[in-house]
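protein-v2.cif follows; it contains mmCIF, C-alpha atoms.
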data_protein
loop_
_atom_site.group_PDB
_atom_site.id
_atom_site.type_symbol
_atom_site.label_atom_id
_atom_site.label_comp_id
_atom_site.auth_asym_id
_atom_site.auth_seq_id
_atom_site.Cartn_x
_atom_site.Cartn_y
_atom_site.Cartn_z
ATOM 1 C CA MET A 505 92.203 79.857 23.186
ATOM 2 C CA ASN A 506 93.647 77.663 20.460
ATOM 3 C CA GLU A 507 93.832 73.900 20.398
ATOM 4 C CA PHE A 508 97.121 72.608 21.781
ATOM 5 C CA SER A 509 98.710 69.643 23.466
ATOM 6 C CA ARG A 510 101.545 69.790 25.919
ATOM 7 C CA THR A 511 103.581 67.226 27.792
ATOM 8 C CA THR A 512 104.883 68.857 30.921
ATOM 9 C CA ASP A 513 108.085 66.984 31.611
ATOM 10 C CA GLU A 514 110.453 64.289 30.478
ATOM 11 C CA ARG A 515 109.499 61.674 33.062
ATOM 12 C CA ALA A 516 109.297 58.128 31.801
ATOM 13 C CA ASP A 517 106.382 57.097 34.056
ATOM 14 C CA ASN A 518 103.161 58.818 32.990
ATOM 15 C CA PRO A 519 103.583 62.546 32.384
ATOM 16 C CA PRO A 520 100.320 64.452 31.994
ATOM 17 C CA ILE A 521 99.119 65.812 28.699
ATOM 18 C CA PHE A 522 96.822 68.837 28.608
ATOM 19 C CA THR A 523 94.720 69.372 25.476
ATOM 20 C CA VAL A 524 92.312 72.273 25.027
ATOM 21 C CA THR A 525 89.589 72.094 22.383
ATOM 22 C CA SER A 526 86.387 73.969 21.691
ATOM 23 C CA ALA A 527 82.977 72.643 20.660
ATOM 24 C CA GLU A 528 79.731 74.614 20.480
ATOM 25 C CA ASN A 529 81.509 77.630 22.055
ATOM 26 C CA ILE A 530 82.409 75.568 25.112
ATOM 27 C CA GLN A 531 86.076 74.981 25.876
ATOM 28 C CA SER A 532 87.257 71.587 27.068
ATOM 29 C CA LEU A 533 90.477 70.870 28.917
ATOM 30 C CA VAL A 534 91.286 67.176 28.546
ATOM 31 C CA VAL A 535 93.854 65.955 31.051
ATOM 32 C CA SER A 536 95.507 62.545 30.872
ATOM 33 C CA GLY A 537 98.311 60.938 32.841
ATOM 34 C CA GLU A 538 99.230 61.752 36.424
ATOM 35 C CA ILE A 539 98.827 65.056 38.251
ATOM 36 C CA ASP A 540 101.509 65.285 40.899
ATOM 37 C CA VAL A 541 103.858 67.824 42.453
ATOM 38 C CA GLN A 542 105.749 68.193 39.156
ATOM 39 C CA SER A 543 102.687 68.885 37.025
ATOM 40 C CA ARG A 544 100.174 70.634 39.267
ATOM 41 C CA ALA A 545 101.452 74.104 38.286
ATOM 42 C CA ASP A 546 100.724 73.279 34.644
ATOM 43 C CA LEU A 547 97.203 72.156 35.583
ATOM 44 C CA ALA A 548 96.695 75.379 37.543
ATOM 45 C CA ALA A 549 97.855 77.474 34.578
ATOM 46 C CA CYS A 550 95.507 75.648 32.206
ATOM 47 C CA VAL A 551 92.444 76.066 34.434
ATOM 48 C CA ASP A 552 93.330 79.722 35.108
ATOM 49 C CA ASP A 553 93.367 80.310 31.347
ATOM 50 C CA LEU A 554 89.955 78.677 30.992
ATOM 51 C CA ILE A 555 88.249 80.532 33.816
ATOM 52 C CA GLY A 556 89.899 83.781 32.762
ATOM 53 C CA GLU A 557 87.897 83.713 29.542
ATOM 54 C CA ARG A 558 84.666 83.585 31.574
ATOM 55 C CA HIS A 559 82.920 81.181 29.212
ATOM 56 C CA PRO A 560 81.438 77.794 30.163
ATOM 57 C CA PHE A 561 84.023 75.024 30.138
ATOM 58 C CA VAL A 562 84.682 71.362 30.851
ATOM 59 C CA VAL A 563 87.629 69.814 32.663
ATOM 60 C CA ASP A 564 87.878 66.195 31.513
ATOM 61 C CA CYS A 565 90.003 64.108 33.877
ATOM 62 C CA SER A 566 88.591 60.762 32.756
ATOM 63 C CA ASP A 567 92.088 59.602 31.710
ATOM 64 C CA VAL A 568 93.847 60.702 34.910
ATOM 65 C CA GLN A 569 95.212 57.690 36.800
ATOM 66 C CA PHE A 570 96.584 59.613 39.806
ATOM 67 C CA ILE A 571 96.039 63.061 41.280
ATOM 68 C CA SER A 572 97.901 64.461 44.267
ATOM 69 C CA VAL A 573 96.270 66.450 47.053
ATOM 70 C CA GLY A 574 97.743 69.543 45.403
ATOM 71 C CA GLY A 575 95.912 68.681 42.184
ATOM 72 C CA LEU A 576 92.679 68.114 44.101
ATOM 73 C CA SER A 577 93.142 71.498 45.741
ATOM 74 C CA ILE A 578 93.451 73.127 42.311
ATOM 75 C CA ILE A 579 90.110 71.615 41.297
ATOM 76 C CA GLU A 580 88.487 72.768 44.538
ATOM 77 C CA THR A 581 89.883 76.298 44.075
ATOM 78 C CA LEU A 582 88.652 76.286 40.483
ATOM 79 C CA SER A 583 85.165 75.374 41.705
ATOM 80 C CA VAL A 584 85.113 78.220 44.225
ATOM 81 C CA LYS A 585 86.430 80.758 41.710
ATOM 82 C CA ALA A 586 83.980 79.665 38.980
ATOM 83 C CA ARG A 587 81.050 79.967 41.409
ATOM 84 C CA ARG A 588 82.219 83.425 42.508
ATOM 85 C CA LEU A 589 82.569 84.598 38.894
ATOM 86 C CA GLY A 590 79.359 82.916 37.747
ATOM 87 C CA VAL A 591 81.148 80.756 35.174
ATOM 88 C CA PRO A 592 79.401 77.419 34.572
ATOM 89 C CA TRP A 593 81.657 74.382 34.293
ATOM 90 C CA THR A 594 81.630 70.622 34.756
ATOM 91 C CA LEU A 595 84.136 67.961 35.692
ATOM 92 C CA VAL A 596 84.415 64.614 33.949
ATOM 93 C CA ALA A 597 86.335 62.527 36.439
ATOM 94 C CA SER A 598 87.704 59.031 36.676
ATOM 95 C CA HIS A 599 87.509 57.122 39.946
ATOM 96 C CA PRO A 600 91.072 58.163 40.994
ATOM 97 C CA VAL A 601 89.940 61.816 40.818
ATOM 98 C CA ARG A 602 86.295 61.656 41.850
ATOM 99 C CA ARG A 603 86.745 59.375 44.865
ATOM 100 C CA PRO A 604 89.271 61.526 46.786
ATOM 101 C CA LEU A 605 87.303 64.690 45.980
ATOM 102 C CA SER A 606 84.287 63.015 47.535
ATOM 103 C CA LEU A 607 86.141 61.571 50.535
ATOM 104 C CA LEU A 608 87.758 64.914 51.324
ATOM 105 C CA LYS A 609 84.412 66.698 50.819
ATOM 106 C CA MET A 610 85.924 68.907 48.126
ATOM 107 C CA ASP A 611 83.106 68.152 45.697
ATOM 108 C CA ALA A 612 80.205 70.093 47.230
ATOM 109 C CA ASP A 613 79.904 72.611 44.379
ATOM 110 C CA ILE A 614 81.225 70.510 41.499
ATOM 111 C CA VAL A 615 78.876 69.329 38.762
ATOM 112 C CA PHE A 616 80.078 65.937 37.554
ATOM 113 C CA THR A 617 79.222 64.568 34.129
ATOM 114 C CA ASP A 618 80.077 61.197 32.631
ATOM 115 C CA SER A 619 81.577 62.465 29.355
ATOM 116 C CA THR A 620 82.657 65.621 27.581
ATOM 117 C CA ALA A 621 79.675 65.278 25.226
ATOM 118 C CA GLU A 622 77.296 65.145 28.215
ATOM 119 C CA ALA A 623 79.086 68.142 29.738
ATOM 120 C CA VAL A 624 78.719 70.181 26.526
ATOM 121 C CA THR A 625 75.000 69.338 26.405
ATOM 122 C CA TYR A 626 74.575 70.320 30.061
ATOM 123 C CA LEU A 627 76.533 73.576 29.692
ATOM 124 C CA SER A 628 74.720 74.491 26.468
ATOM 125 C CA SER A 629 71.418 74.258 28.308
ATOM 126 C CA THR A 630 72.571 76.272 31.343
ATOM 127 C CA ALA A 631 74.557 79.050 29.649
ATOM 128 C CA ALA A 632 72.791 82.342 29.033
ATOM 129 C CA PRO A 633 73.113 83.718 25.499
ATOM 130 C CA GLU A 634 75.759 86.431 25.238
ATOM 131 C CA GLU A 635 73.182 88.947 23.929
ATOM 132 C CA THR A 636 71.218 88.560 27.168
ATOM 133 C CA LEU A 637 74.333 89.198 29.254
ATOM 134 C CA ALA A 638 75.136 92.374 27.312
ATOM 135 C CA GLU A 639 71.638 93.959 27.576
ATOM 136 C CA PRO A 640 71.071 96.607 30.251
ATOM 137 C CA MET A 641 68.506 95.805 32.904
ATOM 138 C CA SER A 642 65.184 97.599 32.462
ATOM 139 C CA ALA A 643 63.720 99.639 35.275
#
Once more with this new file: its structure as structure tokens, please.
Amino acid sequence: MNEFSRTTDERADNPPIFTVTSAENIQSLVVSGEIDVQSRADLAACVDDLIGERHPFVVDCSDVQFISVGGLSIIETLSVKARRLGVPWTLVASHPVRRPLSLLKMDADIVFTDSTAEAVTYLSSTAAPEETLAEPMSA
């Protein structure tokens, strides 16, 4: 996945911006602005791209000022899918994202970190080397 930024609509209020970067072989999706009914499909597409690569990743929502229930649902679905596929990930979340996830009990399987740097450190220590994943199991 290449680095990119995208503004999803022409709203004057606070349209979200999605930026994907990579550091130490860990992808980071940085989300800023507001996640609402107009932008949740873009968030879903971005997280689907990340999990589809099946590498550890970070979703950084530290600059999100508002997230709708639909956006929260996308994060919860992402958590379930990542667990099922065995893809490690973390969420960096501001209060407007973390609090409703907690109140709605959607955060049971989410690993929260305080920054993208902390998330990269955590994921680097938990990810198995690719050579290990490719080796056949011995009898």
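Checking A:Leu605, A:Leu533, A:Leu589, A:Val596 one by one against Phe561 of chain A, counting only C-alpha atoms, you find the shortest gap at A:Leu533.
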Measuring atom to atom with all atoms listed in the file, identify which of A:Arg544, A:Arg602, A:Arg587, A:Arg558 is nearest to Ile530 of chain A. A:Arg558
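The nearest approach to Ala586 of chain A among the residues A:Ala623, A:Leu608, A:Val615, A:Val541, with all atoms listed in the file taken into account, belongs to A:Val615.
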Residues in the PyMOL selection byres ((chain A and resi 520) around 7), expressed as a PDB file with C-alpha atoms, in the coordinates of the input:
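Produced file part11.pdb, reproduced below:
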ATOM      1  CA  THR A 511     103.581  67.226  27.792  1.00  0.00           C
ATOM      2  CA  THR A 512     104.883  68.857  30.921  1.00  0.00           C
ATOM      3  CA  ASN A 518     103.161  58.818  32.990  1.00  0.00           C
ATOM      4  CA  PRO A 519     103.583  62.546  32.384  1.00  0.00           C
ATOM      5  CA  ILE A 521      99.119  65.812  28.699  1.00  0.00           C
ATOM      6  CA  PHE A 522      96.822  68.837  28.608  1.00  0.00           C
ATOM      7  CA  VAL A 535      93.854  65.955  31.051  1.00  0.00           C
ATOM      8  CA  SER A 536      95.507  62.545  30.872  1.00  0.00           C
ATOM      9  CA  GLY A 537      98.311  60.938  32.841  1.00  0.00           C
ATOM     10  CA  GLU A 538      99.230  61.752  36.424  1.00  0.00           C
ATOM     11  CA  ILE A 539      98.827  65.056  38.251  1.00  0.00           C
TER      12      ILE A 539
END
Translate the PyMOL selection byres ((chain A and resi 590) around 12), as applied to the file shown, into an explicit residue set as a ChimeraX atom specification. /A:555-561,582-589,591-593,630-632,637
Written selection (C-alpha atoms) as a short mmCIF file (atom, residue, chain, number, x, y, z; two decimals), in the coordinates of the input:
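This is the output file part20.cif:
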data_model
loop_
_atom_site.label_atom_id
_atom_site.label_comp_id
_atom_site.auth_asym_id
_atom_site.auth_seq_id
_atom_site.Cartn_x
_atom_site.Cartn_y
_atom_site.Cartn_z
CA ILE A 555 88.25 80.53 33.82
CA GLY A 556 89.90 83.78 32.76
CA GLU A 557 87.90 83.71 29.54
CA ARG A 558 84.67 83.58 31.57
CA HIS A 559 82.92 81.18 29.21
CA PRO A 560 81.44 77.79 30.16
CA PHE A 561 84.02 75.02 30.14
CA LEU A 582 88.65 76.29 40.48
CA SER A 583 85.16 75.37 41.70
CA VAL A 584 85.11 78.22 44.22
CA LYS A 585 86.43 80.76 41.71
CA ALA A 586 83.98 79.67 38.98
CA ARG A 587 81.05 79.97 41.41
CA ARG A 588 82.22 83.42 42.51
CA LEU A 589 82.57 84.60 38.89
CA VAL A 591 81.15 80.76 35.17
CA PRO A 592 79.40 77.42 34.57
CA TRP A 593 81.66 74.38 34.29
CA THR A 630 72.57 76.27 31.34
CA ALA A 631 74.56 79.05 29.65
CA ALA A 632 72.79 82.34 29.03
CA LEU A 637 74.33 89.20 29.25
#
Coordinates-based distance that separates atom CA of Val551 of chain A from atom CA of Gln569 of chain A (Å, one decimal):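 Going from atom CA of Gln569 of chain A over to atom CA of Val551 of chain A covers 18.7 Å.
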What do you get, as a list in words, if you spell out every residue that the PyMOL selection byres ((chain A and resi 548) around 10) selects here?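 Evaluating the PyMOL selection byres ((chain A and resi 548) around 10) on this file yields Ser543, Arg544, Ala545, Asp546, Leu547, Ala549, Cys550, Val551, Asp552, Asp553, Leu554, Gly574, Gly575, Ser577, Ile578, Ile579, Thr581 and Leu582 of chain A.
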Which distance in Å separates atom CA of Glu528 of chain A and atom CA of Pro600 of chain A, to one decimal? 28.6 Å
Among listed residues A:Val601, A:Gln542, A:Val562, A:Ile571, nearest Ser526 of chain A (using all atoms listed in the file):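 Smallest separation from Ser526 of chain A among the options: A:Val562.
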